[in-house]
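K.L.:
Input entry_37.tsv, format and content: TSV, C-alpha atoms.
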```
chain	number	residue	atom	x	y	z
A	1	MET	CA	-7.88	-58.82	-13.75
A	2	ALA	CA	-6.63	-57.39	-17.03
A	3	GLU	CA	-9.30	-54.68	-16.80
A	4	LEU	CA	-8.23	-53.84	-13.24
A	5	ASP	CA	-4.59	-53.66	-14.32
A	6	TYR	CA	-5.57	-51.36	-17.17
A	7	GLN	CA	-7.56	-49.09	-14.84
A	8	HIS	CA	-4.73	-49.02	-12.33
A	9	GLY	CA	-2.24	-48.22	-15.07
A	10	GLY	CA	-4.48	-45.45	-16.39
A	11	LYS	CA	-4.84	-43.89	-12.94
A	12	ALA	CA	-1.09	-44.07	-12.36
A	13	ALA	CA	-0.45	-42.38	-15.70
A	14	HIS	CA	-3.01	-39.69	-14.87
A	15	ASP	CA	-1.45	-39.06	-11.44
A	16	LYS	CA	2.02	-38.89	-12.99
A	17	LEU	CA	0.81	-36.35	-15.55
A	18	ALA	CA	-0.85	-34.27	-12.81
A	19	GLN	CA	2.39	-34.25	-10.80
A	20	ALA	CA	4.37	-33.20	-13.88
A	21	LYS	CA	1.94	-30.34	-14.57
A	22	LEU	CA	2.21	-29.19	-10.95
A	23	LYS	CA	6.01	-29.22	-11.25
A	24	TRP	CA	6.01	-27.35	-14.56
A	25	PHE	CA	3.21	-24.84	-14.01
A	26	GLY	CA	2.61	-24.77	-10.25
A	27	PRO	CA	-0.83	-25.00	-8.64
A	28	SER	CA	-3.86	-23.92	-10.66
A	29	CYS	CA	-5.66	-20.64	-10.14
A	30	ASP	CA	-8.66	-22.53	-8.72
A	31	ASP	CA	-6.45	-24.39	-6.22
A	32	VAL	CA	-4.82	-21.20	-4.92
A	33	TRP	CA	-8.03	-19.18	-4.83
A	34	ARG	CA	-9.84	-21.93	-2.88
A	35	VAL	CA	-7.13	-21.78	-0.24
A	36	LEU	CA	-7.37	-17.98	-0.22
A	37	ALA	CA	-11.12	-18.18	0.40
A	38	GLU	CA	-10.54	-20.54	3.33
A	39	GLU	CA	-7.87	-18.35	4.91
A	40	LEU	CA	-9.50	-14.91	4.55
A	41	PRO	CA	-12.20	-16.29	5.22
A	42	GLY	CA	-14.47	-15.89	2.22
A	43	ARG	CA	-16.14	-18.03	-0.40
A	44	PHE	CA	-14.81	-19.45	-3.65
A	45	GLU	CA	-17.10	-19.51	-6.68
A	46	GLN	CA	-16.22	-21.76	-9.59
A	47	SER	CA	-16.16	-20.37	-13.11
A	48	THR	CA	-19.18	-20.61	-15.38
A	49	TRP	CA	-19.55	-19.83	-19.06
A	50	LEU	CA	-20.53	-16.28	-18.01
A	51	LYS	CA	-18.09	-15.65	-15.15
A	52	SER	CA	-14.49	-16.35	-14.21
A	53	PRO	CA	-13.68	-18.00	-10.87
A	54	ARG	CA	-14.19	-15.59	-7.98
A	55	VAL	CA	-13.32	-15.12	-4.33
A	56	VAL	CA	-15.75	-13.02	-2.33
A	57	ALA	CA	-14.80	-11.83	1.17
A	58	GLU	CA	-16.02	-9.22	3.62
A	59	ALA	CA	-13.94	-6.28	4.81
A	60	GLY	CA	-16.12	-4.73	7.49
A	61	PRO	CA	-19.40	-3.71	5.84
A	62	TRP	CA	-17.92	-3.97	2.35
A	63	GLU	CA	-17.73	-6.92	-0.04
A	64	VAL	CA	-14.41	-7.40	-1.85
A	65	VAL	CA	-14.49	-9.48	-5.04
A	66	LEU	CA	-11.50	-11.08	-6.79
A	67	ASP	CA	-11.95	-12.31	-10.35
A	68	LEU	CA	-10.40	-12.35	-13.82
A	69	PHE	CA	-11.12	-9.78	-16.51
A	70	ARG	CA	-10.45	-10.43	-20.21
A	71	THR	CA	-10.01	-7.97	-23.04
A	72	ASP	CA	-9.31	-9.57	-26.41
A	73	LYS	CA	-6.45	-11.97	-25.63
A	74	VAL	CA	-5.22	-10.29	-22.44
A	75	VAL	CA	-6.18	-11.60	-18.99
A	76	PHE	CA	-6.13	-9.34	-15.92
A	77	THR	CA	-6.48	-10.09	-12.24
A	78	ARG	CA	-9.08	-7.71	-10.85
A	79	ILE	CA	-10.31	-6.86	-7.35
A	80	ARG	CA	-13.29	-4.58	-6.71
A	81	ALA	CA	-15.20	-3.24	-3.72
A	82	PRO	CA	-18.26	-0.99	-4.14
A	83	TYR	CA	-18.78	1.64	-1.44
A	84	VAL	CA	-20.74	4.82	-0.76
A	85	ASN	CA	-18.51	7.72	-1.79
A	86	ALA	CA	-19.30	10.55	0.63
A	87	ASP	CA	-17.65	13.44	-1.18
A	88	GLY	CA	-16.74	12.41	-4.73
A	89	PHE	CA	-13.05	11.94	-3.93
A	90	ARG	CA	-11.23	10.05	-6.67
A	91	PHE	CA	-7.65	8.83	-6.99
A	92	HIS	CA	-5.54	6.62	-9.22
A	93	VAL	CA	-2.17	5.19	-8.17
A	94	PHE	CA	0.10	3.09	-10.37
A	95	ARG	CA	3.75	2.13	-10.77
A	96	ARG	CA	5.65	4.58	-12.96
A	97	HIS	CA	6.10	1.95	-15.70
A	98	PHE	CA	2.41	0.96	-15.68
A	99	PHE	CA	-0.19	2.87	-17.77
A	100	SER	CA	1.87	6.09	-17.55
A	101	GLY	CA	0.36	8.90	-19.60
A	102	VAL	CA	-2.85	7.08	-20.53
A	103	ALA	CA	-5.37	9.68	-21.67
A	104	GLU	CA	-8.15	8.09	-19.59
A	105	TRP	CA	-6.70	9.65	-16.47
A	106	MET	CA	-6.53	13.19	-17.84
A	107	GLY	CA	-8.30	15.59	-15.54
A	108	LEU	CA	-6.69	14.17	-12.41
A	109	GLN	CA	-3.69	16.12	-11.21
A	110	ASP	CA	-0.32	14.51	-10.47
A	111	VAL	CA	0.56	14.90	-6.81
A	112	THR	CA	3.56	14.19	-4.58
A	113	VAL	CA	2.52	13.11	-1.11
A	114	GLY	CA	5.79	13.90	0.65
A	115	TYR	CA	7.33	10.44	1.08
A	116	PRO	CA	10.23	10.15	-1.42
A	117	GLU	CA	10.43	6.33	-1.38
A	118	PHE	CA	6.75	6.29	-2.34
A	119	ASP	CA	6.63	9.30	-4.69
A	120	ASP	CA	9.64	7.97	-6.62
A	121	GLN	CA	7.93	4.66	-7.43
A	122	PHE	CA	4.34	5.68	-8.07
A	123	VAL	CA	2.35	8.10	-10.15
A	124	ILE	CA	-0.33	9.51	-7.84
A	125	ARG	CA	-3.31	11.32	-9.32
A	126	GLY	CA	-6.55	12.59	-7.88
A	127	ASN	CA	-9.12	15.35	-7.74
A	128	ASP	CA	-8.15	16.68	-4.29
A	129	GLU	CA	-4.48	17.20	-3.43
A	130	TRP	CA	-5.05	17.63	0.29
A	131	LYS	CA	-7.06	14.40	0.55
A	132	LEU	CA	-4.43	12.52	-1.45
A	133	GLN	CA	-1.72	13.64	0.93
A	134	ARG	CA	-3.82	12.72	3.93
A	135	LEU	CA	-4.74	9.30	2.52
A	136	PHE	CA	-1.17	8.30	1.74
A	137	ALA	CA	0.14	9.64	5.02
A	138	ALA	CA	-1.02	6.28	6.42
A	139	PRO	CA	2.18	4.18	6.76
A	140	ARG	CA	0.36	0.85	6.50
A	141	LEU	CA	-1.34	1.89	3.27
A	142	ARG	CA	1.94	2.96	1.67
A	143	ALA	CA	3.62	-0.29	2.77
A	144	LEU	CA	0.84	-2.39	1.23
A	145	LEU	CA	1.16	-0.56	-2.08
A	146	LEU	CA	4.96	-0.82	-2.08
A	147	ALA	CA	4.60	-4.59	-1.59
A	148	GLN	CA	2.91	-4.91	-5.00
A	149	PRO	CA	5.30	-5.39	-7.95
A	150	SER	CA	2.69	-4.15	-10.43
A	151	ILE	CA	-0.49	-2.32	-9.61
A	152	ALA	CA	-3.16	0.05	-10.86
A	153	PHE	CA	-5.33	1.02	-7.89
A	154	ARG	CA	-8.07	3.58	-8.12
A	155	VAL	CA	-11.54	4.84	-7.32
A	156	LYS	CA	-13.85	4.64	-10.31
A	157	ASP	CA	-17.54	4.51	-11.03
A	158	ASP	CA	-19.34	1.36	-12.16
A	159	ASP	CA	-18.04	-1.16	-14.68
A	160	GLY	CA	-20.17	0.33	-17.42
A	161	ARG	CA	-23.11	-1.05	-19.31
A	162	LEU	CA	-24.44	-0.57	-22.78
A	163	PHE	CA	-27.64	0.95	-21.36
A	164	GLY	CA	-27.08	3.12	-18.31
A	165	SER	CA	-25.14	2.76	-15.09
A	166	ARG	CA	-25.35	-0.25	-12.84
A	167	PHE	CA	-24.39	1.59	-9.63
A	168	PRO	CA	-26.72	3.95	-7.74
A	169	ALA	CA	-25.81	7.63	-7.53
A	170	GLY	CA	-23.10	8.21	-4.94
A	171	VAL	CA	-21.74	4.66	-5.15
A	172	ASP	CA	-18.25	4.10	-6.55
A	173	GLN	CA	-15.77	1.26	-6.29
A	174	LEU	CA	-12.18	0.65	-5.34
A	175	GLN	CA	-10.50	-1.32	-8.11
A	176	PHE	CA	-7.18	-3.12	-8.44
A	177	LEU	CA	-6.04	-4.31	-11.87
A	178	THR	CA	-2.89	-6.01	-13.12
A	179	GLY	CA	-2.00	-8.13	-16.13
A	180	GLY	CA	-1.87	-11.92	-15.77
A	181	VAL	CA	-3.33	-14.34	-13.26
A	182	ILE	CA	-2.09	-13.92	-9.69
A	183	LYS	CA	-1.51	-17.27	-8.00
A	184	ASP	CA	0.74	-16.02	-5.21
A	185	LEU	CA	-1.29	-16.63	-2.05
A	186	ASP	CA	0.64	-14.17	0.13
A	187	ARG	CA	0.32	-11.42	-2.47
A	188	LEU	CA	-3.43	-11.97	-2.75
A	189	LYS	CA	-3.86	-11.75	1.01
A	190	LEU	CA	-1.91	-8.48	1.04
A	191	LEU	CA	-4.24	-7.13	-1.65
A	192	TYR	CA	-7.27	-7.89	0.51
A	193	ASP	CA	-5.50	-6.10	3.36
A	194	LEU	CA	-4.94	-3.15	1.00
A	195	PHE	CA	-8.66	-2.89	0.26
A	196	ALA	CA	-9.65	-3.13	3.93
A	197	GLU	CA	-7.05	-0.55	4.97
A	198	THR	CA	-8.01	1.89	2.18
A	199	LEU	CA	-11.73	1.68	2.89
A	200	GLN	CA	-11.17	2.25	6.59
A	201	GLU	CA	-8.88	5.21	5.88
A	202	LEU	CA	-11.45	6.73	3.50
A	203	CYS	CA	-14.01	6.46	6.29
A	204	ARG	CA	-11.69	8.16	8.76
A	205	MET	CA	-11.24	10.99	6.23
A	206	GLY	CA	-14.97	11.37	5.72
A	207	SER	CA	-14.73	10.21	2.10
A	208	ALA	CA	-16.65	6.95	2.56
A	209	TYR	CA	-19.60	5.76	4.63
A	210	GLU	CA	-19.83	2.44	6.44
A	211	ASP	CA	-23.14	1.80	4.71
A	212	ASP	CA	-24.19	-1.05	2.48
A	213	PRO	CA	-23.77	0.34	-1.06
A	214	GLY	CA	-26.65	-1.80	-2.26
A	215	VAL	CA	-24.57	-3.26	-5.10
A	216	GLN	CA	-23.61	-6.86	-5.82
A	217	LEU	CA	-20.89	-7.51	-8.39
```
Let's see the structure in the file written out as structure tokens.

P.N.:
Amino acid sequence: MAELDYQHGGKAAHDKLAQAKLKWFGPSCDDVWRVLAEELPGRFEQSTWLKSPRVVAEAGPWEVVLDLFRTDKVVFTRIRAPYVNADGFRFHVFRRHFFSGVAEWMGLQDVTVGYPEFDDQFVIRGNDEWKLQRLFAAPRLRALLLAQPSIAFRVKDDDGRLFGSRFPAGVDQLQFLTGGVIKDLDRLKLLYDLFAETLQELCRMGSAYEDDPGVQL
């Protein structure tokens, strides 16, 4: 009986501590991302010693992957979707307070797309002004970007390897990156909508193909 009382007391203390943590810190990343995977729908993959937790979901023929990316002591929330880039079109969009003036983006021209409420809040860069203006003429796409409090959203090549590229020629990726761990379920769902909308718009413009890129992240 004493042992049962001890076990019961230990469980009660554990439950109380769990409730206090939930109150102080909110739900865990794993808890939120599992729910996200159920609602998209997609699949949740638990972290391993090599990989962070991930959510993988389909957006038409494309696979969109949410994970965490660490550099030194900084953690980023990252979303990526490889696709076949039909014409080499590249862009990079970010809030005016986020990564402004970073040398990495030199070579892409700053562009205004003709929507003041959007141009005022974002730096928009790319290698084709006409295509940039056409892409961001889509009202839904602009609304999804405006809904993000912090964002760096771009087309880039592969993630880089020490020896060679990991993506085939002609395959690039859409990438979202922001500092910290996103545990806001509604925001994460909007980000998946952003990827689906952008990929569809790129196809309508002739800048992407609805083909399997042959890449798994």

K.L.:
For a quick check of understanding, using only C-alpha atoms, which of A:Asp119, A:Glu38, A:Asp157, A:Asp67 has the smallest distance to Val55 of chain A?

P.N.:
A:Asp67

K.L.:
For Pro168 of chain A, which residue among A:Asp193, A:Asp212, A:Glu129, A:Asp120 is the nearest when counting all atoms listed in the file?

P.N.:
A:Asp212

K.L.:
Show which residues sit within 6 Å of His92 of chain A, as a PDB file with C-alpha atoms, keeping the file's coordinate frame. Count all atoms listed in the file, and ignore same-chain residues fewer than 5 positions away.

P.N.:
```pdb
ATOM      1  CA  ARG A 125      -3.310  11.320  -9.320  1.00  0.00           C
ATOM      2  CA  PHE A 153      -5.330   1.020  -7.890  1.00  0.00           C
ATOM      3  CA  ARG A 154      -8.070   3.580  -8.120  1.00  0.00           C
TER       4      ARG A 154
END
```

K.L.:
Check the smallest atom-to-atom distance from each of A:Lys156, A:Arg142, A:Arg204, A:Lys189 to Gly42 of chain A using all atoms listed in the file, then report the winner.

P.N.:
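Of all the options, A:Lys189 lies closest to Gly42 of chain A.
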
K.L.:
Quick one: pull the distance between atom CA of Gln175 of chain A and atom CA of Pro61 of chain A, Å, one decimal.

P.N.:
16.7 Å

K.L.:
Would you list the contacts of Leu174 of chain A as a ChimeraX atom specification, taking every protein, DNA or RNA residue within 9 Å and counting all atoms listed in the file, but skipping same-chain residues closer than 2 positions in sequence?

P.N.:
/A:79-83,153-157,172,176,195,198-199

K.L.:
What is the atom CA of Glu39 of chain A to atom CA of Val56 of chain A distance in Å?

P.N.:
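For atom CA of Glu39 of chain A relative to atom CA of Val56 of chain A, the distance reads 12.0 Å.
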
K.L.:
Restricting the calculation to only C-alpha atoms, which member of A:Ile182, A:Glu201, A:Leu50, A:Leu190 is positioned closest to Asp31 of chain A?

P.N.:
A:Ile182

K.L.:
Would you work out the distance separating atom CA of Gln46 of chain A from atom CA of Asp72 of chain A, expressed in Å to one decimal?

P.N.:
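Straight-line distance from atom CA of Gln46 of chain A to atom CA of Asp72 of chain A works out to 21.9 Å.
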
K.L.:
Go through A:Leu145, A:Leu191, A:Leu36, A:Val171 one by one, measure the shortest atom-to-atom distance of each to Gln216 of chain A using only C-alpha atoms, and give the residue with the smallest value.

P.N.:
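Under the stated criterion, the closest residue is A:Val171.
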
K.L.:
May I ask which of the residues A:Val32, A:Phe76, A:Gly126, A:Arg96 is the closest one to Phe44 of chain A, counting all atoms listed in the file?

P.N.:
A:Val32

K.L.:
Residues within 8 Å of Ala86 of chain A, please, as a PyMOL selection string. Count only C-alpha atoms; anything in the same chain fewer than 3 positions from it doesn't count.

P.N.:
chain A and resi 89+170+206-209
